[in-house]
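What's in coords12.cif: mmCIF, C-alpha atoms
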data_upload
#
loop_
_atom_site.label_atom_id
_atom_site.label_comp_id
_atom_site.auth_asym_id
_atom_site.auth_seq_id
_atom_site.Cartn_x
_atom_site.Cartn_y
_atom_site.Cartn_z
CA MET A 15 -4.01 14.48 -17.05
CA ASN A 16 -5.22 15.89 -13.70
CA GLU A 17 -7.76 13.11 -13.30
CA HIS A 18 -5.04 10.45 -12.97
CA PRO A 19 -3.47 11.66 -9.68
CA ALA A 20 -6.99 12.11 -8.26
CA ALA A 21 -7.89 8.56 -9.32
CA ILE A 22 -4.75 7.16 -7.67
CA ARG A 23 -5.52 9.09 -4.46
CA ARG A 24 -9.04 7.60 -4.44
CA LEU A 25 -7.63 4.10 -4.97
CA ARG A 26 -5.12 4.60 -2.16
CA GLU A 27 -7.94 5.66 0.16
CA GLN A 28 -9.93 2.55 -0.85
CA SER A 29 -6.85 0.44 -0.17
CA ASN A 30 -6.50 2.02 3.28
CA LEU A 31 -10.18 1.26 3.95
CA ALA A 32 -9.68 -2.37 2.87
CA ILE A 33 -6.84 -2.68 5.39
CA ALA A 34 -9.00 -1.09 8.11
CA ALA A 35 -11.71 -3.67 7.28
CA ARG A 36 -9.12 -6.49 7.46
CA ASP A 37 -10.11 -7.61 3.96
CA ALA A 38 -7.02 -9.20 2.38
CA GLU A 39 -8.84 -10.00 -0.88
CA ARG A 40 -9.84 -6.37 -1.32
CA VAL A 41 -6.34 -5.13 -0.42
CA VAL A 42 -4.69 -7.22 -3.14
CA ALA A 43 -7.37 -6.22 -5.70
CA PHE A 44 -5.36 -3.00 -6.13
CA MET A 45 -2.18 -4.91 -7.09
CA THR A 46 -0.76 -6.45 -10.25
CA THR A 47 -0.21 -10.22 -10.08
CA ASP A 48 3.57 -9.73 -10.19
CA ILE A 49 3.78 -6.97 -7.55
CA ARG A 50 6.99 -6.57 -5.57
CA VAL A 51 6.73 -5.16 -2.04
CA ASP A 52 9.84 -4.17 -0.08
CA VAL A 53 8.56 -4.27 3.48
CA ALA A 54 10.09 -1.99 6.12
CA GLY A 55 12.65 -4.11 7.91
CA GLY A 56 14.02 -5.88 4.87
CA ARG A 57 11.51 -8.56 3.86
CA VAL A 58 10.58 -8.65 0.15
CA LEU A 59 7.25 -10.03 -1.06
CA HIS A 60 7.08 -11.29 -4.64
CA GLY A 61 3.65 -11.62 -6.24
CA VAL A 62 0.09 -10.99 -5.19
CA GLU A 63 -0.19 -14.34 -3.36
CA ALA A 64 2.70 -13.43 -1.05
CA SER A 65 1.03 -10.09 -0.32
CA ARG A 66 -2.33 -11.76 0.33
CA GLU A 67 -0.71 -14.20 2.78
CA ALA A 68 1.20 -11.41 4.57
CA PHE A 69 -1.96 -9.34 5.02
CA ALA A 70 -3.99 -12.37 6.16
CA GLU A 71 -1.30 -13.12 8.74
CA GLN A 72 -1.33 -9.54 10.03
CA PHE A 73 -5.13 -9.41 10.09
CA ALA A 74 -5.16 -12.57 12.24
CA ASP A 75 -3.06 -10.71 14.84
CA ARG A 76 -5.56 -9.02 17.17
CA ALA A 77 -2.92 -6.44 18.17
CA PHE A 78 -2.61 -5.18 14.58
CA GLY A 79 -4.38 -1.85 14.20
CA GLY A 80 -3.79 -1.29 10.51
CA TYR A 81 -1.77 0.80 8.10
CA VAL A 82 -2.54 4.17 6.59
CA ARG A 83 -0.66 5.48 3.58
CA GLU A 84 -0.92 9.17 2.69
CA ALA A 85 0.45 10.42 -0.61
CA ASP A 86 2.55 13.57 -0.67
CA GLN A 87 3.19 13.44 -4.40
CA ILE A 88 1.89 11.57 -7.44
CA VAL A 89 3.70 11.94 -10.75
CA VAL A 90 2.03 10.51 -13.86
CA HIS A 91 4.44 9.60 -16.64
CA GLU A 92 3.36 10.50 -20.20
CA PRO A 93 1.47 8.97 -21.84
CA PRO A 94 -0.42 7.89 -18.72
CA VAL A 95 0.80 4.29 -18.55
CA SER A 96 2.61 4.54 -15.21
CA ALA A 97 2.81 6.76 -12.15
CA THR A 98 4.97 7.17 -9.07
CA GLU A 99 3.41 7.86 -5.68
CA ARG A 100 5.45 9.03 -2.70
CA GLY A 101 4.23 9.60 0.81
CA ARG A 102 4.16 8.66 4.48
CA TRP A 103 2.86 5.48 6.08
CA THR A 104 1.83 4.71 9.64
CA GLY A 105 1.21 1.30 11.19
CA ARG A 106 -0.46 0.76 14.56
CA TRP A 107 -0.41 -2.10 17.06
CA GLN A 108 -2.09 -2.39 20.44
CA THR A 109 0.34 -3.22 23.25
CA ARG A 110 -0.08 -3.57 26.99
CA SER A 111 1.18 -0.01 27.42
CA GLY A 112 -1.04 1.48 24.71
CA VAL A 113 -0.88 1.97 20.98
CA HIS A 114 2.52 1.52 19.35
CA GLU A 115 3.07 3.35 16.05
CA GLN A 116 5.67 2.72 13.41
CA CYS A 117 5.97 5.13 10.52
CA GLY A 118 8.12 6.09 7.59
CA ARG A 119 8.17 6.91 3.90
CA TYR A 120 6.95 4.86 0.95
CA THR A 121 7.16 4.84 -2.82
CA ALA A 122 4.62 3.06 -5.00
CA GLU A 123 4.70 2.41 -8.73
CA TRP A 124 1.35 2.25 -10.50
CA GLN A 125 0.57 0.83 -13.95
CA PHE A 126 -2.38 1.94 -16.06
CA ILE A 127 -4.07 -1.02 -17.75
CA GLU A 128 -7.48 -1.51 -19.39
CA MET A 129 -9.11 -2.01 -15.99
CA GLY A 130 -7.49 1.15 -14.58
CA TRP A 131 -4.62 1.83 -12.17
CA LEU A 132 -2.94 -1.04 -10.28
CA ILE A 133 0.07 -1.03 -7.96
CA SER A 134 3.06 -2.87 -9.46
CA ALA A 135 5.66 -2.13 -6.74
CA GLU A 136 5.85 -0.66 -3.27
CA ALA A 137 8.83 0.10 -1.05
CA TYR A 138 8.47 1.03 2.63
CA ARG A 139 11.16 2.52 4.86
CA SER A 140 10.85 3.01 8.62
CA GLY A 141 11.60 6.14 10.57
CA GLU A 142 12.28 8.51 7.72
#

Could you quickly redo this structure as structure tokens?
Amino acid sequence: MNEHPAAIRRLREQSNLAIAARDAERVVAFMTTDIRVDVAGGRVLHGVEASREAFAEQFADRAFGGYVREADQIVVHEPPVSATERGRWTGRWQTRSGVHEQCGRYTAEWQFIEMGWLISAEAYRSGE
């Protein structure tokens, strides 16, 4: 049972690295095809294609400095077919006056399938 939270933490770190590398294909490789993402600010993305397009758009913006998500808690639901991750996120953008940061809390739902853990839903809130 303990190996599942550790595996999810490793996958989250790999996802963060994919964002830092501006690799939209690699970012969405951690997602189910029917993922739902509630973006901070109210926008909702339905499906992996919408997420791929949103990341590609952000990566094209030279001011975008990336996102980092850091888990505070991972709860694996028995038997290990799903898990809930909660934590903090930070986004960075370069502005004329320096680096602008936006941060908040997030919740992610993971599903365990034959290939391993994939994210099926994420919800981001600003300023919490």

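Shortest separation to Arg23 of chain A among A:Glu39, A:Asp75, A:Glu84, A:Glu63 occurs at residue A:Glu84, atoms counted being all atoms listed in the file.
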
Let me make sure I understand: among A:Tyr81, A:Phe73, A:Tyr138, A:Trp107, which one has the smallest atom-to-atom distance to Glu27 of chain A if we use only C-alpha atoms?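 Looking only at the distances to Glu27 of chain A, the closest residue turns out to be A:Tyr81.
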
On this file, the PyMOL selection byres ((chain A and resi 77) around 7) gives some set of residues; write that set as an MDAnalysis selection string. chainID A and resid 75:76 78:79 107:109

In terms of the shortest atom-to-atom distance over only C-alpha atoms, which of A:Ala74, A:Ala137, A:Cys117, A:Ala122 is closest to Asp52 of chain A?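 Closest to Asp52 of chain A, using only C-alpha atoms: A:Ala137.
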
Nearest to Val95 of chain A, chosen from A:Gly80, A:Trp124, A:Val51, A:Asn30, with only C-alpha atoms counted in the distances: A:Trp124

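If you measure from each of A:Ala64, A:Val58, A:Val53, A:Ile22 to Arg139 of chain A using only C-alpha atoms, the closest one turns out to be A:Val53.
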
Residues matched by the PyMOL selection byres ((chain A and resi 36) around 9), written as a list in words: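 When the PyMOL selection byres ((chain A and resi 36) around 9) is applied to the shown file, the picked residues are Leu31, Ala32, Ile33, Ala34, Ala35, Asp37, Ala38, Arg40, Val41, Phe69, Ala70, Gln72, Phe73, Ala74 and Gly80 of chain A.
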
Within 8 Å of Ala97 of chain A using only C-alpha atoms, minus same-chain residues under 5 positions, as a PDB file with C-alpha atoms, keeping the file's coordinate frame:
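In the end it all went to result_14.pdb:
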ATOM      1  CA  ILE A  88       1.890  11.570  -7.440  1.00  0.00           C
ATOM      2  CA  VAL A  89       3.700  11.940 -10.750  1.00  0.00           C
ATOM      3  CA  VAL A  90       2.030  10.510 -13.860  1.00  0.00           C
ATOM      4  CA  HIS A  91       4.440   9.600 -16.640  1.00  0.00           C
ATOM      5  CA  GLU A 123       4.700   2.410  -8.730  1.00  0.00           C
ATOM      6  CA  TRP A 124       1.350   2.250 -10.500  1.00  0.00           C
ATOM      7  CA  GLN A 125       0.570   0.830 -13.950  1.00  0.00           C
TER       8      GLN A 125
END

Kindly resolve the PyMOL selection byres ((chain A and resi 134) around 7) on the present coordinates and return the residues as a CSV table (one decimal) with C-alpha atoms, keeping the file's coordinate frame.
chain,number,residue,atom,x,y,z
A,45,MET,CA,-2.2,-4.9,-7.1
A,46,THR,CA,-0.8,-6.4,-10.2
A,48,ASP,CA,3.6,-9.7,-10.2
A,49,ILE,CA,3.8,-7.0,-7.6
A,50,ARG,CA,7.0,-6.6,-5.6
A,123,GLU,CA,4.7,2.4,-8.7
A,124,TRP,CA,1.4,2.2,-10.5
A,125,GLN,CA,0.6,0.8,-14.0
A,132,LEU,CA,-2.9,-1.0,-10.3
A,133,ILE,CA,0.1,-1.0,-8.0
A,135,ALA,CA,5.7,-2.1,-6.7

So how far away is atom CA of Pro94 of chain A from atom CA of His60 of chain A, in Å?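 Separating atom CA of His60 of chain A from atom CA of Pro94 of chain A is a distance of 24.9 Å.
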
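Take atom CA of Thr98 of chain A and atom CA of Arg24 of chain A: the distance between them is 14.8 Å.
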
Would you output segment 49-85 of chain A from that structure, restricted to N, CA and C atoms, as a PDB file, in the first residue's frame?
ATOM      1  N   ILE A  49     -10.131  13.133 -19.005  1.00  0.00           N
ATOM      2  CA  ILE A  49      -9.810  13.994 -17.863  1.00  0.00           C
ATOM      3  C   ILE A  49     -10.669  15.261 -17.864  1.00  0.00           C
ATOM      4  N   ARG A  50     -10.960  15.721 -16.666  1.00  0.00           N
ATOM      5  CA  ARG A  50     -11.645  17.006 -16.464  1.00  0.00           C
ATOM      6  C   ARG A  50     -10.717  17.859 -15.601  1.00  0.00           C
ATOM      7  N   VAL A  51     -10.424  19.072 -16.081  1.00  0.00           N
ATOM      8  CA  VAL A  51      -9.559  19.987 -15.347  1.00  0.00           C
ATOM      9  C   VAL A  51     -10.325  21.281 -15.101  1.00  0.00           C
ATOM     10  N   ASP A  52     -10.536  21.600 -13.825  1.00  0.00           N
ATOM     11  CA  ASP A  52     -11.128  22.875 -13.425  1.00  0.00           C
ATOM     12  C   ASP A  52      -9.969  23.831 -13.180  1.00  0.00           C
ATOM     13  N   VAL A  53      -9.775  24.741 -14.102  1.00  0.00           N
ATOM     14  CA  VAL A  53      -8.645  25.660 -14.069  1.00  0.00           C
ATOM     15  C   VAL A  53      -8.967  26.803 -13.102  1.00  0.00           C
ATOM     16  N   ALA A  54      -7.974  27.263 -12.361  1.00  0.00           N
ATOM     17  CA  ALA A  54      -8.170  28.426 -11.496  1.00  0.00           C
ATOM     18  C   ALA A  54      -8.685  29.575 -12.349  1.00  0.00           C
ATOM     19  N   GLY A  55      -9.736  30.200 -11.919  1.00  0.00           N
ATOM     20  CA  GLY A  55     -10.333  31.281 -12.691  1.00  0.00           C
ATOM     21  C   GLY A  55     -11.621  30.887 -13.382  1.00  0.00           C
ATOM     22  N   GLY A  56     -11.988  29.615 -13.317  1.00  0.00           N
ATOM     23  CA  GLY A  56     -13.296  29.216 -13.789  1.00  0.00           C
ATOM     24  C   GLY A  56     -13.391  28.408 -15.063  1.00  0.00           C
ATOM     25  N   ARG A  57     -12.361  28.373 -15.873  1.00  0.00           N
ATOM     26  CA  ARG A  57     -12.409  27.603 -17.119  1.00  0.00           C
ATOM     27  C   ARG A  57     -12.360  26.106 -16.817  1.00  0.00           C
ATOM     28  N   VAL A  58     -13.118  25.309 -17.569  1.00  0.00           N
ATOM     29  CA  VAL A  58     -13.120  23.859 -17.401  1.00  0.00           C
ATOM     30  C   VAL A  58     -12.676  23.223 -18.716  1.00  0.00           C
ATOM     31  N   LEU A  59     -11.679  22.343 -18.619  1.00  0.00           N
ATOM     32  CA  LEU A  59     -11.184  21.611 -19.785  1.00  0.00           C
ATOM     33  C   LEU A  59     -11.734  20.193 -19.728  1.00  0.00           C
ATOM     34  N   HIS A  60     -12.323  19.739 -20.831  1.00  0.00           N
ATOM     35  CA  HIS A  60     -12.873  18.393 -20.912  1.00  0.00           C
ATOM     36  C   HIS A  60     -12.067  17.575 -21.914  1.00  0.00           C
ATOM     37  N   GLY A  61     -11.394  16.534 -21.444  1.00  0.00           N
ATOM     38  CA  GLY A  61     -10.669  15.634 -22.320  1.00  0.00           C
ATOM     39  C   GLY A  61      -9.208  16.004 -22.481  1.00  0.00           C
ATOM     40  N   VAL A  62      -8.446  14.986 -22.848  1.00  0.00           N
ATOM     41  CA  VAL A  62      -6.999  15.158 -22.968  1.00  0.00           C
ATOM     42  C   VAL A  62      -6.631  16.119 -24.097  1.00  0.00           C
ATOM     43  N   GLU A  63      -7.415  16.164 -25.163  1.00  0.00           N
ATOM     44  CA  GLU A  63      -7.104  17.083 -26.271  1.00  0.00           C
ATOM     45  C   GLU A  63      -7.213  18.531 -25.823  1.00  0.00           C
ATOM     46  N   ALA A  64      -8.222  18.855 -25.021  1.00  0.00           N
ATOM     47  CA  ALA A  64      -8.369  20.222 -24.516  1.00  0.00           C
ATOM     48  C   ALA A  64      -7.189  20.583 -23.616  1.00  0.00           C
ATOM     49  N   SER A  65      -6.726  19.638 -22.816  1.00  0.00           N
ATOM     50  CA  SER A  65      -5.570  19.891 -21.961  1.00  0.00           C
ATOM     51  C   SER A  65      -4.311  20.076 -22.788  1.00  0.00           C
ATOM     52  N   ARG A  66      -4.137  19.244 -23.812  1.00  0.00           N
ATOM     53  CA  ARG A  66      -2.965  19.367 -24.695  1.00  0.00           C
ATOM     54  C   ARG A  66      -2.944  20.753 -25.352  1.00  0.00           C
ATOM     55  N   GLU A  67      -4.086  21.190 -25.864  1.00  0.00           N
ATOM     56  CA  GLU A  67      -4.166  22.496 -26.516  1.00  0.00           C
ATOM     57  C   GLU A  67      -3.883  23.629 -25.532  1.00  0.00           C
ATOM     58  N   ALA A  68      -4.409  23.522 -24.314  1.00  0.00           N
ATOM     59  CA  ALA A  68      -4.187  24.574 -23.308  1.00  0.00           C
ATOM     60  C   ALA A  68      -2.711  24.664 -22.943  1.00  0.00           C
ATOM     61  N   PHE A  69      -2.060  23.515 -22.766  1.00  0.00           N
ATOM     62  CA  PHE A  69      -0.629  23.552 -22.447  1.00  0.00           C
ATOM     63  C   PHE A  69       0.179  24.074 -23.628  1.00  0.00           C
ATOM     64  N   ALA A  70      -0.134  23.648 -24.843  1.00  0.00           N
ATOM     65  CA  ALA A  70       0.594  24.130 -26.016  1.00  0.00           C
ATOM     66  C   ALA A  70       0.474  25.646 -26.135  1.00  0.00           C
ATOM     67  N   GLU A  71      -0.712  26.172 -25.852  1.00  0.00           N
ATOM     68  CA  GLU A  71      -0.927  27.618 -25.901  1.00  0.00           C
ATOM     69  C   GLU A  71      -0.074  28.330 -24.845  1.00  0.00           C
ATOM     70  N   GLN A  72      -0.053  27.794 -23.637  1.00  0.00           N
ATOM     71  CA  GLN A  72       0.765  28.403 -22.589  1.00  0.00           C
ATOM     72  C   GLN A  72       2.253  28.306 -22.910  1.00  0.00           C
ATOM     73  N   PHE A  73       2.676  27.165 -23.430  1.00  0.00           N
ATOM     74  CA  PHE A  73       4.089  26.984 -23.748  1.00  0.00           C
ATOM     75  C   PHE A  73       4.540  27.925 -24.858  1.00  0.00           C
ATOM     76  N   ALA A  74       3.631  28.345 -25.729  1.00  0.00           N
ATOM     77  CA  ALA A  74       3.962  29.279 -26.799  1.00  0.00           C
ATOM     78  C   ALA A  74       4.163  30.700 -26.256  1.00  0.00           C
ATOM     79  N   ASP A  75       3.651  30.962 -25.066  1.00  0.00           N
ATOM     80  CA  ASP A  75       3.788  32.269 -24.425  1.00  0.00           C
ATOM     81  C   ASP A  75       5.159  32.346 -23.760  1.00  0.00           C
ATOM     82  N   ARG A  76       6.041  33.183 -24.281  1.00  0.00           N
ATOM     83  CA  ARG A  76       7.411  33.266 -23.755  1.00  0.00           C
ATOM     84  C   ARG A  76       7.451  33.735 -22.306  1.00  0.00           C
ATOM     85  N   ALA A  77       6.420  34.428 -21.851  1.00  0.00           N
ATOM     86  CA  ALA A  77       6.376  34.920 -20.474  1.00  0.00           C
ATOM     87  C   ALA A  77       6.039  33.809 -19.476  1.00  0.00           C
ATOM     88  N   PHE A  78       5.479  32.712 -19.959  1.00  0.00           N
ATOM     89  CA  PHE A  78       5.080  31.619 -19.070  1.00  0.00           C
ATOM     90  C   PHE A  78       6.308  30.917 -18.513  1.00  0.00           C
ATOM     91  N   GLY A  79       6.380  30.847 -17.186  1.00  0.00           N
ATOM     92  CA  GLY A  79       7.523  30.227 -16.519  1.00  0.00           C
ATOM     93  C   GLY A  79       7.248  28.852 -15.959  1.00  0.00           C
ATOM     94  N   GLY A  80       6.021  28.372 -16.088  1.00  0.00           N
ATOM     95  CA  GLY A  80       5.721  27.018 -15.668  1.00  0.00           C
ATOM     96  C   GLY A  80       4.860  26.923 -14.419  1.00  0.00           C
ATOM     97  N   TYR A  81       4.473  25.697 -14.135  1.00  0.00           N
ATOM     98  CA  TYR A  81       3.702  25.362 -12.941  1.00  0.00           C
ATOM     99  C   TYR A  81       4.468  24.311 -12.158  1.00  0.00           C
ATOM    100  N   VAL A  82       4.340  24.375 -10.857  1.00  0.00           N
ATOM    101  CA  VAL A  82       4.849  23.322  -9.986  1.00  0.00           C
ATOM    102  C   VAL A  82       3.718  22.948  -9.042  1.00  0.00           C
ATOM    103  N   ARG A  83       3.442  21.672  -8.951  1.00  0.00           N
ATOM    104  CA  ARG A  83       2.449  21.156  -8.018  1.00  0.00           C
ATOM    105  C   ARG A  83       3.162  20.320  -6.981  1.00  0.00           C
ATOM    106  N   GLU A  84       2.868  20.569  -5.704  1.00  0.00           N
ATOM    107  CA  GLU A  84       3.511  19.852  -4.603  1.00  0.00           C
ATOM    108  C   GLU A  84       2.440  19.241  -3.710  1.00  0.00           C
ATOM    109  N   ALA A  85       2.441  17.925  -3.631  1.00  0.00           N
ATOM    110  CA  ALA A  85       1.424  17.215  -2.856  1.00  0.00           C
ATOM    111  C   ALA A  85       1.666  17.355  -1.360  1.00  0.00           C
TER     112      ALA A  85
END
